[in-house]
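protein-v9.csv, holding CSV, C-alpha atoms and all ligand atoms:
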```
chain,number,residue,atom,x,y,z
W,18,MET,CA,-8.2,20.2,-9.1
W,19,ASP,CA,-10.7,21.6,-6.6
W,20,ARG,CA,-11.6,18.0,-5.8
W,21,LEU,CA,-8.1,16.9,-5.0
W,22,GLN,CA,-7.6,17.6,-1.3
W,23,PRO,CA,-4.1,17.8,0.3
W,24,SER,CA,-3.5,14.4,1.8
W,25,GLY,CA,-4.8,14.3,5.4
W,26,ILE,CA,-1.6,12.4,6.5
W,27,ARG,CA,0.5,15.3,5.3
W,28,ARG,CA,-1.6,17.7,7.4
W,29,VAL,CA,-0.9,15.7,10.5
W,30,PHE,CA,2.8,15.4,9.6
W,31,THR,CA,3.1,19.2,9.0
W,32,ARG,CA,1.5,20.0,12.4
W,33,ALA,CA,3.7,17.4,14.1
W,34,GLY,CA,6.7,19.1,12.5
W,35,GLU,CA,5.6,22.5,13.9
W,36,LEU,CA,5.3,21.0,17.4
W,37,GLU,CA,8.7,19.4,17.1
W,38,GLN,CA,10.2,22.8,16.0
W,39,ALA,CA,8.7,24.2,19.2
W,40,GLY,CA,10.7,21.6,21.2
W,41,ARG,CA,8.0,18.9,21.7
W,42,LYS,CA,8.9,15.2,21.5
W,43,ILE,CA,6.5,13.7,19.0
W,44,VAL,CA,5.8,10.0,18.4
W,45,HIS,CA,5.1,9.3,14.7
W,46,PHE,CA,2.4,6.8,14.2
W,47,GLU,CA,1.2,8.5,11.0
W,48,ILE,CA,3.8,7.8,8.4
W,49,GLY,CA,3.4,4.8,6.1
W,50,ARG,CA,7.0,4.1,5.3
W,51,PRO,CA,9.7,1.8,6.7
W,52,ASP,CA,11.9,3.2,9.4
W,53,PHE,CA,14.8,1.0,8.3
W,54,ASP,CA,17.7,2.1,6.1
W,55,THR,CA,18.0,0.4,2.7
W,56,PRO,CA,20.3,-2.6,3.1
W,57,ALA,CA,23.9,-1.7,2.3
W,58,PRO,CA,24.6,-4.1,-0.6
W,59,ILE,CA,21.6,-2.6,-2.4
W,60,LYS,CA,23.0,0.9,-2.1
W,61,ALA,CA,26.4,-0.4,-3.2
W,62,ALA,CA,25.0,-2.0,-6.3
W,63,ALA,CA,23.4,1.3,-7.3
W,64,VAL,CA,26.6,3.2,-6.6
W,65,LYS,CA,28.6,0.8,-8.7
W,66,ALA,CA,26.1,1.1,-11.6
W,67,LEU,CA,26.3,4.9,-11.4
W,68,GLU,CA,30.1,4.8,-11.4
W,69,GLU,CA,30.2,2.3,-14.3
W,70,GLY,CA,28.2,4.8,-16.4
W,71,GLN,CA,24.6,3.5,-16.1
W,72,VAL,CA,23.4,7.1,-16.5
W,73,HIS,CA,21.4,7.0,-19.7
W,74,TYR,CA,17.8,6.3,-20.7
W,75,THR,CA,16.9,2.6,-20.5
W,76,LEU,CA,14.0,0.9,-22.3
W,77,SER,CA,10.7,2.3,-21.0
W,78,ARG,CA,9.9,-1.2,-19.7
W,79,GLY,CA,13.2,-1.3,-17.8
W,80,ILE,CA,16.5,-3.2,-18.0
W,81,ILE,CA,16.0,-6.8,-19.0
W,82,GLU,CA,18.1,-8.2,-16.1
W,83,LEU,CA,15.7,-6.6,-13.6
W,84,ARG,CA,12.7,-7.8,-15.6
W,85,LYS,CA,14.1,-11.4,-15.5
W,86,ALA,CA,14.6,-11.2,-11.8
W,87,ILE,CA,11.0,-9.9,-11.4
W,88,ALA,CA,9.7,-12.8,-13.5
W,89,SER,CA,11.6,-15.4,-11.5
W,90,ASP,CA,10.4,-13.8,-8.2
W,91,ALA,CA,6.8,-14.1,-9.5
W,92,ALA,CA,7.4,-17.7,-10.4
W,93,SER,CA,8.8,-18.6,-7.0
W,94,ARG,CA,6.5,-16.6,-4.7
W,95,LEU,CA,3.2,-16.3,-6.6
W,96,GLY,CA,3.4,-19.5,-8.8
W,97,LEU,CA,3.1,-17.3,-12.0
W,98,ALA,CA,4.8,-18.1,-15.3
W,99,VAL,CA,5.8,-14.7,-16.5
W,100,ASP,CA,7.6,-13.8,-19.8
W,101,PRO,CA,10.2,-11.1,-18.8
W,102,GLU,CA,10.4,-9.8,-22.3
W,103,ARG,CA,6.7,-9.2,-22.9
W,104,GLU,CA,4.8,-9.3,-19.6
W,105,VAL,CA,6.8,-7.2,-17.1
W,106,MET,CA,7.4,-3.5,-16.8
W,107,VAL,CA,9.6,-1.6,-14.3
W,108,THR,CA,7.8,1.4,-12.9
W,109,ALA,CA,8.5,4.3,-10.6
W,110,GLY,CA,7.0,2.6,-7.6
W,111,SER,CA,3.5,1.1,-7.5
W,112,SER,CA,2.0,4.6,-7.7
W,113,ASN,CA,3.3,5.1,-11.2
W,114,ALA,CA,2.3,1.5,-12.1
W,115,ILE,CA,-1.3,2.1,-11.0
W,116,LEU,CA,-1.5,5.6,-12.5
W,117,ILE,CA,-0.3,4.5,-15.9
W,118,SER,CA,-2.6,1.4,-15.8
W,119,LEU,CA,-5.6,3.6,-15.2
W,120,LEU,CA,-4.5,6.2,-17.8
W,121,THR,CA,-4.1,3.4,-20.3
W,122,VAL,CA,-7.4,1.6,-19.8
W,123,LEU,CA,-10.0,4.2,-18.6
W,124,GLN,CA,-12.0,6.7,-20.6
W,125,PRO,CA,-13.6,9.7,-18.9
W,126,GLY,CA,-16.8,8.5,-17.4
W,127,ASP,CA,-15.6,5.0,-16.8
W,128,GLU,CA,-15.8,3.5,-13.4
W,129,LEU,CA,-13.6,1.6,-11.1
W,130,LEU,CA,-14.6,-0.4,-8.1
W,131,VAL,CA,-12.5,-0.1,-5.0
W,132,PRO,CA,-13.0,-1.7,-1.6
W,133,GLU,CA,-13.3,1.0,1.1
W,134,PRO,CA,-11.6,2.1,3.4
W,135,MET,CA,-8.8,2.5,0.8
W,136,TYR,CA,-5.3,3.8,0.2
W,137,LEU,CA,-6.2,7.4,-0.2
W,138,PHE,CA,-4.8,8.1,-3.7
W,139,TYR,CA,-7.0,5.4,-5.3
W,140,LEU,CA,-9.8,7.9,-5.3
W,141,ASP,CA,-7.8,10.7,-6.7
W,142,TRP,CA,-6.1,8.8,-9.4
W,143,GLY,CA,-9.5,7.9,-11.0
W,144,GLU,CA,-10.7,11.5,-10.5
W,145,LEU,CA,-7.6,12.9,-12.3
W,146,MET,CA,-8.6,11.2,-15.5
W,147,GLY,CA,-12.3,11.9,-15.2
W,148,ALA,CA,-13.2,8.4,-14.1
W,149,ARG,CA,-15.5,7.6,-11.2
W,150,THR,CA,-14.6,5.5,-8.2
W,151,ARG,CA,-17.3,3.4,-6.6
W,152,ALA,CA,-16.6,2.0,-3.1
W,153,VAL,CA,-17.3,-1.5,-2.1
W,154,PRO,CA,-17.7,-1.7,1.7
W,155,LEU,CA,-15.2,-3.7,3.8
W,156,ARG,CA,-16.7,-4.6,7.1
W,157,PRO,CA,-14.8,-5.4,10.3
W,158,GLU,CA,-17.4,-8.1,11.3
W,159,ASN,CA,-16.3,-10.3,8.4
W,160,GLY,CA,-12.6,-9.5,8.7
W,161,PHE,CA,-12.6,-6.9,5.9
W,162,GLN,CA,-13.2,-9.6,3.3
W,163,LEU,CA,-15.0,-9.3,-0.1
W,164,SER,CA,-18.1,-11.0,-1.4
W,165,ALA,CA,-19.4,-11.4,-4.9
W,166,GLU,CA,-22.7,-9.8,-3.8
W,167,ASP,CA,-21.0,-6.7,-2.5
W,168,LEU,CA,-18.9,-6.4,-5.6
W,169,ARG,CA,-21.9,-6.9,-7.9
W,170,ALA,CA,-23.8,-4.2,-6.0
W,171,GLY,CA,-21.2,-1.6,-7.1
W,172,LEU,CA,-21.3,-2.5,-10.8
W,173,THR,CA,-22.7,-0.3,-13.6
W,174,ASP,CA,-22.5,-0.4,-17.4
W,175,ARG,CA,-19.4,1.8,-17.1
W,176,THR,CA,-17.4,-0.4,-14.7
W,177,LYS,CA,-14.0,-1.3,-16.2
W,178,VAL,CA,-11.7,-2.1,-13.4
W,179,ILE,CA,-11.7,-3.6,-9.9
W,180,LEU,CA,-8.7,-2.3,-7.9
W,181,ILE,CA,-7.8,-4.4,-4.9
W,182,ASN,CA,-5.1,-4.2,-2.3
W,183,SER,CA,-3.9,-7.1,-0.1
W,184,PRO,CA,-2.4,-7.0,2.5
W,185,HIS,CA,-4.4,-3.9,3.0
W,186,ASN,CA,-3.7,-0.3,3.9
W,187,PRO,CA,-5.2,0.9,6.2
W,188,THR,CA,-6.7,-2.2,8.0
W,189,GLY,CA,-3.8,-4.7,7.8
W,190,ALA,CA,-6.3,-7.4,6.6
W,191,GLY,CA,-5.2,-9.9,4.0
W,192,LEU,CA,-7.8,-11.1,1.4
W,193,SER,CA,-8.7,-14.8,1.9
W,194,PRO,CA,-8.8,-17.3,-1.0
W,195,ALA,CA,-12.7,-16.9,-0.9
W,196,SER,CA,-12.5,-13.1,-1.3
W,197,LEU,CA,-10.1,-13.4,-4.2
W,198,GLU,CA,-12.3,-16.0,-5.8
W,199,ALA,CA,-15.2,-13.6,-5.5
W,200,VAL,CA,-13.2,-10.9,-7.3
W,201,ALA,CA,-12.2,-13.4,-10.0
W,202,GLN,CA,-15.8,-14.5,-10.5
W,203,VAL,CA,-17.2,-11.0,-10.9
W,204,ALA,CA,-14.3,-10.0,-13.1
W,205,ARG,CA,-14.7,-13.0,-15.4
W,206,GLU,CA,-18.5,-12.7,-15.7
W,207,ARG,CA,-18.4,-9.0,-16.5
W,208,ASP,CA,-15.1,-9.0,-18.5
W,209,LEU,CA,-13.4,-6.6,-16.1
W,210,LEU,CA,-9.7,-5.8,-15.6
W,211,VAL,CA,-8.3,-6.4,-12.0
W,212,ILE,CA,-5.5,-4.2,-10.7
W,213,SER,CA,-4.0,-6.0,-7.7
W,214,ASP,CA,-1.8,-3.8,-5.5
W,215,GLU,CA,0.4,-6.2,-3.7
W,216,VAL,CA,3.0,-3.8,-2.3
W,217,TYR,CA,2.8,-5.5,1.2
W,218,ASP,CA,2.9,-9.1,-0.1
W,219,ARG,CA,6.2,-9.9,1.6
W,220,ILE,CA,5.1,-8.3,4.9
W,221,VAL,CA,2.7,-11.0,6.1
W,222,TYR,CA,2.2,-12.7,9.5
W,223,PRO,CA,1.5,-16.4,9.7
W,224,PRO,CA,-0.9,-18.0,9.4
W,225,HIS,CA,-1.9,-15.6,6.7
W,226,VAL,CA,-0.5,-16.6,3.3
W,227,HIS,CA,-0.5,-14.1,0.4
W,228,LEU,CA,-2.2,-15.1,-2.8
W,229,SER,CA,-2.4,-13.1,-6.0
W,230,PRO,CA,-5.7,-13.1,-8.0
W,231,ALA,CA,-3.5,-13.5,-11.1
W,232,SER,CA,-2.9,-17.1,-10.0
W,233,LEU,CA,-6.6,-18.0,-10.2
W,234,PRO,CA,-8.1,-19.7,-13.4
W,235,GLY,CA,-8.9,-17.3,-16.2
W,236,MET,CA,-7.3,-14.4,-14.3
W,237,ARG,CA,-3.8,-13.9,-15.7
W,238,GLU,CA,-5.2,-12.5,-18.9
W,239,ARG,CA,-7.3,-9.9,-17.0
W,240,THR,CA,-5.0,-8.9,-14.1
W,241,ILE,CA,-2.3,-6.3,-13.7
W,242,VAL,CA,-0.2,-7.2,-10.6
W,243,VAL,CA,1.4,-4.2,-9.1
W,244,ASN,CA,4.3,-4.3,-6.7
W,245,SER,CA,7.2,-2.2,-5.3
W,246,PHE,CA,10.6,-2.2,-3.7
W,247,SER,CA,9.4,0.6,-1.4
W,248,LYS,CA,8.1,-1.3,1.6
W,249,PRO,CA,9.8,-4.7,1.9
W,250,PHE,CA,13.3,-3.4,1.0
W,251,ALA,CA,13.0,0.0,2.7
W,252,MET,CA,13.5,1.7,-0.6
W,253,ASP,CA,10.5,4.1,-0.8
W,254,GLY,CA,12.7,7.1,-1.8
W,255,TRP,CA,14.2,5.1,-4.7
W,256,ARG,CA,11.0,5.0,-6.7
W,257,VAL,CA,11.2,1.5,-8.2
W,258,GLY,CA,8.4,-0.9,-8.6
W,259,TRP,CA,6.9,-3.1,-11.3
W,260,LEU,CA,3.9,-4.5,-12.9
W,261,ILE,CA,3.1,-7.8,-14.5
W,262,ALA,CA,0.3,-7.7,-17.1
W,263,PRO,CA,-0.8,-9.7,-20.2
W,264,GLU,CA,1.4,-9.5,-23.2
W,265,GLY,CA,-0.4,-7.0,-25.5
W,266,LEU,CA,-1.4,-4.7,-22.6
W,267,VAL,CA,2.3,-4.2,-21.5
W,268,ASP,CA,3.0,-2.7,-25.0
W,269,ASP,CA,0.2,-0.2,-24.4
W,270,LEU,CA,1.3,0.5,-20.8
W,271,GLU,CA,4.9,1.0,-22.1
W,272,ASN,CA,3.6,3.6,-24.6
W,273,THR,CA,1.9,5.5,-21.7
W,274,GLN,CA,5.0,5.1,-19.5
W,275,HIS,CA,7.2,6.5,-22.3
W,276,ARG,CA,5.1,9.7,-22.3
W,277,CYS,CA,5.2,9.8,-18.5
W,278,VAL,CA,8.6,9.2,-16.9
W,279,MET,CA,10.4,7.7,-20.0
W,280,ASN,CA,12.0,5.1,-17.7
W,281,VAL,CA,12.8,4.5,-14.1
W,282,THR,CA,16.2,6.0,-12.9
W,283,SER,CA,18.8,3.8,-14.6
W,284,PHE,CA,21.1,3.1,-11.6
W,285,ALA,CA,18.2,2.7,-9.2
W,286,GLN,CA,17.1,-0.3,-11.4
W,287,TYR,CA,20.5,-1.9,-10.7
W,288,GLY,CA,20.0,-1.4,-6.9
W,289,ALA,CA,16.6,-3.1,-7.3
W,290,LEU,CA,18.2,-6.0,-9.1
W,291,GLU,CA,20.5,-6.6,-6.1
W,292,ALA,CA,17.4,-6.3,-3.8
W,293,LEU,CA,15.7,-9.2,-5.6
W,294,ARG,CA,18.9,-11.2,-5.6
W,295,LEU,CA,19.2,-10.9,-1.8
W,296,GLY,CA,15.5,-11.4,-1.3
W,297,GLU,CA,14.5,-12.9,2.0
W,298,GLU,CA,18.0,-12.5,3.4
W,299,VAL,CA,17.4,-8.8,3.8
W,300,VAL,CA,13.5,-8.8,4.0
W,301,ALA,CA,13.1,-11.5,6.7
W,302,PRO,CA,14.8,-9.6,9.6
W,303,MET,CA,12.7,-6.5,8.9
W,304,VAL,CA,9.5,-8.5,8.7
W,305,GLU,CA,10.4,-10.2,12.0
W,306,GLU,CA,10.7,-6.8,13.6
W,307,TYR,CA,7.3,-5.7,12.2
W,308,ARG,CA,5.8,-8.9,13.6
W,309,ALA,CA,7.3,-8.2,17.1
W,310,ARG,CA,5.9,-4.7,17.0
W,311,ARG,CA,2.5,-5.9,15.9
W,312,ASP,CA,2.5,-8.4,18.8
W,313,LEU,CA,3.6,-5.7,21.2
W,314,ILE,CA,0.8,-3.4,20.1
W,315,LEU,CA,-1.9,-6.1,20.4
W,316,ASP,CA,-0.6,-6.9,23.8
W,317,LEU,CA,-0.6,-3.3,25.0
W,318,LEU,CA,-4.1,-2.7,23.5
W,319,GLN,CA,-5.5,-5.3,26.0
W,320,GLU,CA,-5.0,-2.6,28.6
W,321,ALA,CA,-7.6,-0.5,26.8
W,322,PRO,CA,-10.6,-2.6,26.0
W,323,GLU,CA,-12.6,0.4,24.9
W,324,ILE,CA,-10.4,0.6,21.8
W,325,LYS,CA,-11.3,-2.1,19.4
W,326,SER,CA,-8.7,-3.4,17.0
W,327,PHE,CA,-8.3,-5.9,14.2
W,328,PRO,CA,-5.1,-8.1,14.4
W,329,PRO,CA,-3.1,-7.2,11.3
W,330,GLN,CA,-2.4,-10.1,8.9
W,331,GLY,CA,0.1,-8.0,6.9
W,332,ALA,CA,1.6,-4.6,6.2
W,333,PHE,CA,2.4,-2.4,9.2
W,334,TYR,CA,-0.9,-0.7,10.2
W,335,VAL,CA,-3.4,-1.3,13.0
W,336,TRP,CA,-6.9,0.0,12.4
W,337,LEU,CA,-8.3,1.2,15.7
W,338,ASP,CA,-12.0,1.6,16.4
W,339,VAL,CA,-12.3,4.5,18.8
W,340,SER,CA,-16.0,5.2,18.1
W,341,SER,CA,-16.8,4.4,21.8
W,342,PHE,CA,-15.3,7.8,22.8
W,343,ALA,CA,-18.1,9.7,21.1
W,344,ARG,CA,-15.7,12.1,19.4
W,345,ASP,CA,-15.0,12.2,15.7
W,346,ASP,CA,-11.8,10.8,14.5
W,347,LEU,CA,-10.4,14.1,13.3
W,348,GLU,CA,-11.0,15.7,16.6
W,349,LEU,CA,-9.5,12.7,18.4
W,350,ALA,CA,-6.4,12.7,16.2
W,351,GLU,CA,-6.0,16.5,16.8
W,352,MET,CA,-6.4,16.0,20.5
W,353,ILE,CA,-3.9,13.2,20.6
W,354,LEU,CA,-1.4,15.2,18.7
W,355,GLU,CA,-1.8,18.4,20.7
W,356,GLU,CA,-2.1,16.9,24.1
W,357,ALA,CA,-0.1,13.7,23.9
W,358,GLY,CA,2.4,14.6,21.2
W,359,VAL,CA,1.5,11.5,19.2
W,360,ALA,CA,0.8,11.9,15.4
W,361,ILE,CA,-1.8,9.4,14.2
W,362,THR,CA,-3.9,9.4,11.1
W,363,PRO,CA,-7.7,10.0,11.3
W,364,GLY,CA,-9.6,7.2,9.7
W,365,ARG,CA,-11.7,9.5,7.4
W,366,VAL,CA,-8.7,10.0,5.3
W,367,PHE,CA,-9.3,6.5,3.9
W,368,GLY,CA,-13.0,6.9,3.2
W,369,PRO,CA,-16.3,7.3,5.0
W,370,SER,CA,-16.1,4.0,6.9
W,371,GLY,CA,-13.0,5.5,8.6
W,372,LEU,CA,-15.2,7.8,10.7
W,373,GLY,CA,-14.5,6.9,14.3
W,374,ARG,CA,-11.3,5.1,13.4
W,375,LEU,CA,-7.6,5.8,13.6
W,376,ARG,CA,-4.7,4.3,11.6
W,377,LEU,CA,-1.6,3.5,13.6
W,378,SER,CA,1.5,2.9,11.5
W,379,TYR,CA,4.1,0.8,13.4
W,380,ALA,CA,7.0,1.7,11.3
W,381,VAL,CA,8.6,3.0,14.5
W,382,SER,CA,10.7,1.4,17.2
W,383,ARG,CA,9.2,-0.7,20.0
W,384,GLU,CA,10.2,2.0,22.5
W,385,GLU,CA,8.3,4.6,20.6
W,386,ILE,CA,5.3,2.2,20.4
W,387,GLU,CA,5.2,1.8,24.2
W,388,LEU,CA,5.6,5.5,24.7
W,389,GLY,CA,3.1,6.5,22.1
W,390,LEU,CA,0.4,4.1,23.2
W,391,LYS,CA,0.8,5.0,26.9
W,392,ARG,CA,0.3,8.7,25.9
W,393,ILE,CA,-2.8,7.9,23.8
W,394,PHE,CA,-4.4,5.8,26.5
W,395,LYS,CA,-3.9,8.7,28.9
W,396,VAL,CA,-5.7,11.2,26.6
W,397,LEU,CA,-8.5,8.8,25.8
W,398,ARG,CA,-9.1,7.9,29.5
W,399,SER,CA,-9.4,11.6,30.3
W,400,LEU,CA,-12.4,11.6,28.0
W,401,LYS,CA,-14.3,8.8,29.7
Z,1,LIG,C1,-1.5,0.3,-0.7
Z,1,LIG,C2,-0.4,1.1,-1.2
Z,1,LIG,N1,-0.2,1.2,-2.5
Z,1,LIG,C3,0.7,2.0,-3.1
Z,1,LIG,C4,1.5,2.8,-2.3
Z,1,LIG,C5,2.6,3.6,-2.9
Z,1,LIG,O1,3.8,3.0,-2.9
Z,1,LIG,P1,5.0,3.2,-3.9
Z,1,LIG,O2,6.2,3.8,-3.1
Z,1,LIG,O3,5.4,1.8,-4.4
Z,1,LIG,O4,4.6,4.1,-5.0
Z,1,LIG,C6,1.4,2.7,-0.9
Z,1,LIG,C7,2.2,3.6,0.0
Z,1,LIG,O5,2.0,3.8,1.1
Z,1,LIG,C8,0.4,1.9,-0.3
Z,1,LIG,O6,0.2,1.8,1.0
```
Full structure transcribed into structure tokens:
Amino acid sequence: MDRLQPSGIRRVFTRAGELEQAGRKIVHFEIGRPDFDTPAPIKAAAVKALEEGQVHYTLSRGIIELRKAIASDAASRLGLAVDPEREVMVTAGSSNAILISLLTVLQPGDELLVPEPMYLFYLDWGELMGARTRAVPLRPENGFQLSAEDLRAGLTDRTKVILINSPHNPTGAGLSPASLEAVAQVARERDLLVISDEVYDRIVYPPHVHLSPASLPGMRERTIVVNSFSKPFAMDGWRVGWLIAPEGLVDDLENTQHRCVMNVTSFAQYGALEALRLGEEVVAPMVEEYRARRDLILDLLQEAPEIKSFPPQGAFYVWLDVSSFARDDLELAEMILEEAGVAITPGRVFGPSGLGRLRLSYAVSREEIELGLKRIFKVLRSLK
């Protein structure tokens, strides 16, 4: 437990809360969750299920209606043929899906390979079960893509899993077909399992197209695709997600899940079913707004050429390179919060390559974006 640090994002959030209590107006660029409300018909479906008595345990792998909807979603959007009876499990968000996957397949001392910077809990989840996480560097100069050479350099005899995430938190990058092919090549030659965290797969900006490694030759049988209702449907508090895995493995994962949360909240599963039925009808307007915010940020950043940025291809994060200010990212984030009233996440939270970087989450209104960036620029200019 000594090695598990409180999340750095929480620290910023807590301090921002204290300043708000003291009467300051704070702009929140630190929180990685949608600012939209869950669409009304989704809420209504959950309420209806609750009123109709859907209040008991369900199968640990989830209600079959939802698993069927997940399988048809995978067929239409990822081109995967998925058996809803044997290859799908409903989970309490992607967090639960990844955690039970790791619990099921790793022994203490095993290793997982994770591109870095990374979603902060990837490191902790492995640590919790006595596994070791090895980082594969993602570099801005090649658009945060992966190569087979970099992946091979991180392999040892104990490597069991490659855990990837595209579109990516914190960089906003989307893995290219060549990167996914590199992952597939290494996984096939070393008989590794790939866990593919695709929670932002619906939040993508053209021309980027989301691809799942599970759709590559020889990969369905060695990939766990993880996804969630949290981000695209603004349902992060509901705790519903899913995984798609090979047939026998889902039985093992269900055994673990049974000992973990038993099942995902019964009536929440009916809300999730309605979310998939509505699909793009409710997702597209939110993604359109994220895209407009992304464009606004990229536009505003032109006023500050000393801040380097990478145009996001998906998700709702911009990865800012502020290394030219000769201050460390933690100090900068603290200064920006205290002096400018803008909460933003120091890059080091996501791994060592985050030193000198900040992650800006644009799950806030365009007005807040304009206000927040103007304030950040003012503080940074005072340093030059
Ligand atoms: C890459 C990534 N994976 C997983 C999660 C956890 O999401 P969920 O609500 O589905 O557990 C997040 C949340 O920010 C994330 O950014």
All residues having an atom within 9 Å of ligand LIG 1 (chain Z) (only C-alpha atoms and all ligand atoms) as a ChimeraX atom specification: /W:48-50,108-115,135-139,181-187,214-217,243-248,252-259,332
Gap from atom CA of Val153 of chain W to atom CA of Ile179 of chain W - Å, one decimal: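 These atoms are spaced 9.8 Å apart.
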Shell around Arg28 of chain W at 12 Å using only C-alpha atoms, local window under 3 positions removed, as a PyMOL selection string: chain W and resi 22-25+31-35+47-48+347+350-351+354+360-363+366
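Residues with at least one atom no more than 6 Å from (-17.1, 6.9, 15.5), using all atoms listed in the file, are Ser340, Asp345, Leu372 and Gly373 of chain W.
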Selected residue of minimal separation from Ile261 of chain W among W:Gly79, W:Pro132, W:Gly96, W:Pro101, counting only C-alpha atoms: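 The closest residue to Ile261 of chain W is W:Pro101.
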Best match for closeness to Leu317 of chain W among W:Arg344, W:Leu130, W:Val339, W:Arg383, counting all atoms listed in the file: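 Closest to Leu317 of chain W of all the choices is W:Arg383.
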Straight-line distance linking atom CA of Asp54 of chain W with atom CA of Leu337 of chain W, stated in Å to one decimal: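 About the pair atom CA of Asp54 of chain W and atom CA of Leu337 of chain W: they are 27.7 Å apart.
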For Pro51 of chain W: contacts at 10 Å, only C-alpha atoms, fewer than 5 positions along chain excluded, given as an mmCIF file with C-alpha atoms, in the frame of the given file:
```
data_model
loop_
_atom_site.group_PDB
_atom_site.id
_atom_site.type_symbol
_atom_site.label_atom_id
_atom_site.label_comp_id
_atom_site.auth_asym_id
_atom_site.auth_seq_id
_atom_site.Cartn_x
_atom_site.Cartn_y
_atom_site.Cartn_z
ATOM 1 C CA SER W 247 9.400 0.600 -1.400
ATOM 2 C CA LYS W 248 8.100 -1.300 1.600
ATOM 3 C CA PRO W 249 9.800 -4.700 1.900
ATOM 4 C CA PHE W 250 13.300 -3.400 1.000
ATOM 5 C CA ALA W 251 13.000 0.000 2.700
ATOM 6 C CA MET W 252 13.500 1.700 -0.600
ATOM 7 C CA ASP W 253 10.500 4.100 -0.800
ATOM 8 C CA MET W 303 12.700 -6.500 8.900
ATOM 9 C CA TYR W 307 7.300 -5.700 12.200
ATOM 10 C CA PHE W 333 2.400 -2.400 9.200
ATOM 11 C CA SER W 378 1.500 2.900 11.500
ATOM 12 C CA TYR W 379 4.100 0.800 13.400
ATOM 13 C CA ALA W 380 7.000 1.700 11.300
ATOM 14 C CA VAL W 381 8.600 3.000 14.500
#
```
Atom CA of Glu104 of chain W to atom CA of Leu266 of chain W, straight-line distance in Å: 8.3 Å
